[in-house]
Amino acid sequence: MEIIEVDDCELERYITNIMLDIGVPAHLKGYFYLRDAILLSGKDMSVVGSVTKLLYPTIAKRFHTTDQKVERAIRNVIEVSWARGNTDTFQEMFGYSPLTGRNRPTNSEYIARIADKVRLDYKAK
């Protein structure tokens with residue numbers, strides 16, 4: 001099954017579960033931006049290659065804000081989840097965690113890895 005064929009509501013629910021498992025706090029504005037970024041990237045992985053030109057502006061339009069604010073909010077939510085999140089899940093998903101001493105993944109790495117996981121999980125169904 002291709003991810004494009006899956007209902008957006010079902011995909012959002014699945015992405016939300018992954019984000020909560022990682023430890024992304026739902027009370028931050030970046031939470032919603034990140035979920036949207038993962039959803040859009042899962043449907044079209046080419047947007048991950050140009051997050052500043054395609055992904056952030058698309059999300060900014062949808063939420064009536066600027067692409068700079070979207071980038072900063074996503075970066076903030078990733079930093080918070082990296083500092084407080086589930087290290088076992090990070091280790092499993094990214095191959096490293098805060099415990100290994102490595103820096104957090106970049107916004108595009110974070111988005112791409114989760115979007116890829118979603119795509120692979122839905123192809124397996």
# chains A, B, ... in the order shown; residues from 1 in each chain; ligands from 1
>>> closest_atom_pairs(of="segment 12-57 of chain A", to="segment 87-96 of chain A", cutoff="12 Å", atoms="only C-alpha atoms", output="tab-separated table")
residue	atom	partner	partner_atom	distance
A:Ile18	CA	A:Thr89	CA	9.2
A:Met19	CA	A:Thr89	CA	10.2
A:Leu20	CA	A:Thr89	CA	10.5
A:Asp21	CA	A:Thr89	CA	7.2
A:Ile22	CA	A:Thr89	CA	5.9
A:Gly23	CA	A:Thr89	CA	9.1
A:Val24	CA	A:Phe90	CA	11.5
>>> residues_around(residues="segment 65-78 of chain A", least_positions_apart="2", cutoff="9 Å", atoms="only C-alpha atoms", output="list in words")
Val24, Pro25, Leu28, Lys29, Gly30, Tyr31, Phe32, Tyr33, Leu34, Val51, Thr52, Leu55, Tyr56, Pro57, Thr58, Ile59, Ala60, Lys61, Arg62, Phe63, Val80, Ser81, Trp82, Ala83, Arg104, Pro105, Thr106, Asn107 and Tyr110 of chain A
>>> write_last_selection(atoms="N, CA, C and O atoms", output="short mmCIF file (atom, residue, chain, number, x, y, z; two decimals), in the first residue's frame")
data_model
loop_
_atom_site.label_atom_id
_atom_site.label_comp_id
_atom_site.auth_asym_id
_atom_site.auth_seq_id
_atom_site.Cartn_x
_atom_site.Cartn_y
_atom_site.Cartn_z
N VAL A 24 8.09 14.14 21.80
CA VAL A 24 7.83 15.49 21.30
C VAL A 24 6.66 16.06 22.10
O VAL A 24 5.57 15.49 22.11
N PRO A 25 6.89 17.18 22.81
CA PRO A 25 5.82 17.74 23.64
C PRO A 25 4.71 18.37 22.79
O PRO A 25 4.98 19.20 21.93
N LEU A 28 3.78 22.47 22.51
CA LEU A 28 4.57 23.45 21.77
C LEU A 28 4.03 23.61 20.34
O LEU A 28 3.57 22.65 19.73
N LYS A 29 4.10 24.83 19.84
CA LYS A 29 3.59 25.13 18.50
C LYS A 29 4.29 24.30 17.42
O LYS A 29 3.68 23.86 16.45
N GLY A 30 5.57 24.05 17.61
CA GLY A 30 6.35 23.28 16.64
C GLY A 30 5.85 21.86 16.47
O GLY A 30 6.12 21.22 15.45
N TYR A 31 5.14 21.35 17.45
CA TYR A 31 4.57 20.00 17.39
C TYR A 31 3.68 19.86 16.15
O TYR A 31 3.80 18.91 15.39
N PHE A 32 2.81 20.83 15.94
CA PHE A 32 1.87 20.78 14.82
C PHE A 32 2.60 21.01 13.49
O PHE A 32 2.27 20.38 12.49
N TYR A 33 3.59 21.90 13.50
CA TYR A 33 4.39 22.13 12.30
C TYR A 33 5.17 20.87 11.93
O TYR A 33 5.23 20.50 10.76
N LEU A 34 5.75 20.23 12.93
CA LEU A 34 6.54 19.01 12.69
C LEU A 34 5.66 17.89 12.15
O LEU A 34 6.04 17.20 11.20
N VAL A 51 13.90 21.91 2.25
CA VAL A 51 13.01 22.30 3.34
C VAL A 51 12.79 23.80 3.39
O VAL A 51 11.67 24.26 3.64
N THR A 52 13.83 24.59 3.12
CA THR A 52 13.67 26.04 3.21
C THR A 52 12.90 26.63 2.04
O THR A 52 12.26 27.67 2.18
N LEU A 55 9.17 23.13 1.93
CA LEU A 55 8.47 22.60 3.09
C LEU A 55 8.04 23.69 4.06
O LEU A 55 6.85 23.80 4.39
N TYR A 56 8.97 24.49 4.54
CA TYR A 56 8.63 25.54 5.51
C TYR A 56 7.62 26.55 4.96
O TYR A 56 6.65 26.89 5.65
N PRO A 57 7.80 27.04 3.72
CA PRO A 57 6.80 27.97 3.19
C PRO A 57 5.40 27.36 3.07
O PRO A 57 4.39 28.03 3.32
N THR A 58 5.32 26.08 2.71
CA THR A 58 4.02 25.40 2.60
C THR A 58 3.34 25.34 3.96
O THR A 58 2.14 25.64 4.09
N ILE A 59 4.09 24.97 4.98
CA ILE A 59 3.54 24.90 6.33
C ILE A 59 3.18 26.29 6.84
O ILE A 59 2.13 26.48 7.47
N ALA A 60 4.02 27.27 6.55
CA ALA A 60 3.77 28.65 6.99
C ALA A 60 2.46 29.18 6.41
O ALA A 60 1.68 29.82 7.12
N LYS A 61 2.21 28.89 5.14
CA LYS A 61 0.95 29.32 4.52
C LYS A 61 -0.24 28.67 5.22
O LYS A 61 -1.24 29.32 5.49
N ARG A 62 -0.11 27.39 5.49
CA ARG A 62 -1.20 26.64 6.11
C ARG A 62 -1.54 27.18 7.50
O ARG A 62 -2.69 27.19 7.91
N PHE A 63 -0.52 27.63 8.24
CA PHE A 63 -0.72 28.10 9.61
C PHE A 63 -0.69 29.63 9.72
O PHE A 63 -0.66 30.15 10.84
N VAL A 80 13.92 20.03 22.34
CA VAL A 80 13.26 19.61 23.59
C VAL A 80 13.09 18.10 23.61
O VAL A 80 13.37 17.45 24.62
N SER A 81 12.65 17.52 22.50
CA SER A 81 12.46 16.06 22.48
C SER A 81 13.80 15.35 22.61
O SER A 81 13.89 14.29 23.24
N TRP A 82 14.86 15.89 22.03
CA TRP A 82 16.19 15.29 22.11
C TRP A 82 16.69 15.31 23.55
O TRP A 82 17.28 14.35 24.03
N ALA A 83 16.41 16.39 24.26
CA ALA A 83 16.87 16.53 25.64
C ALA A 83 16.05 15.70 26.63
O ALA A 83 16.59 15.15 27.58
N ARG A 104 22.07 16.47 18.34
CA ARG A 104 20.74 16.13 17.84
C ARG A 104 20.74 16.16 16.32
O ARG A 104 21.55 16.84 15.70
N PRO A 105 19.81 15.42 15.70
CA PRO A 105 19.71 15.48 14.24
C PRO A 105 19.23 16.85 13.79
O PRO A 105 18.54 17.56 14.54
N THR A 106 19.57 17.22 12.58
CA THR A 106 19.06 18.48 12.02
C THR A 106 17.57 18.34 11.76
O THR A 106 17.03 17.22 11.76
N ASN A 107 16.93 19.47 11.52
CA ASN A 107 15.50 19.44 11.23
C ASN A 107 15.20 18.51 10.05
O ASN A 107 14.30 17.67 10.13
N TYR A 110 15.73 14.78 10.94
CA TYR A 110 14.66 14.34 11.84
C TYR A 110 13.38 14.07 11.04
O TYR A 110 12.76 13.00 11.14
#
>>> closest_residue(among="A:Leu40, A:Val118, A:Met45, A:Leu99", to="Tyr14 of chain A", atoms="only C-alpha atoms")
A:Val118
>>> select_by_dssp(residues="segment 10-40 of chain A", states="alpha helix (DSSP H)", output="PyMOL selection string")
chain A and resi 10-22+29-40
>>> residues_around(residues="Leu39 of chain A", least_positions_apart="4", cutoff="7 Å", atoms="only C-alpha atoms", output="list in words")
Arg35, Lys43 and Ala115 of chain A
>>> write_last_selection(atoms="C-alpha atoms", output="PDB file, in the first residue's frame")
ATOM      1  CA  ARG A  35       3.583  16.677  12.255  1.00  0.00           C
ATOM      2  CA  LYS A  43       3.813  11.784   0.673  1.00  0.00           C
ATOM      3  CA  ALA A 115       8.771  10.260   7.199  1.00  0.00           C
TER       4      ALA A 115
END
>>> atom_distance(atom1="atom CA of Val48 of chain A", atom2="atom CA of Glu109 of chain A")
8.4 Å
>>> closest_residue(among="A:Gly85, A:Ser97, A:Leu11, A:Ser108", to="Gly42 of chain A", atoms="only C-alpha atoms")
A:Leu11
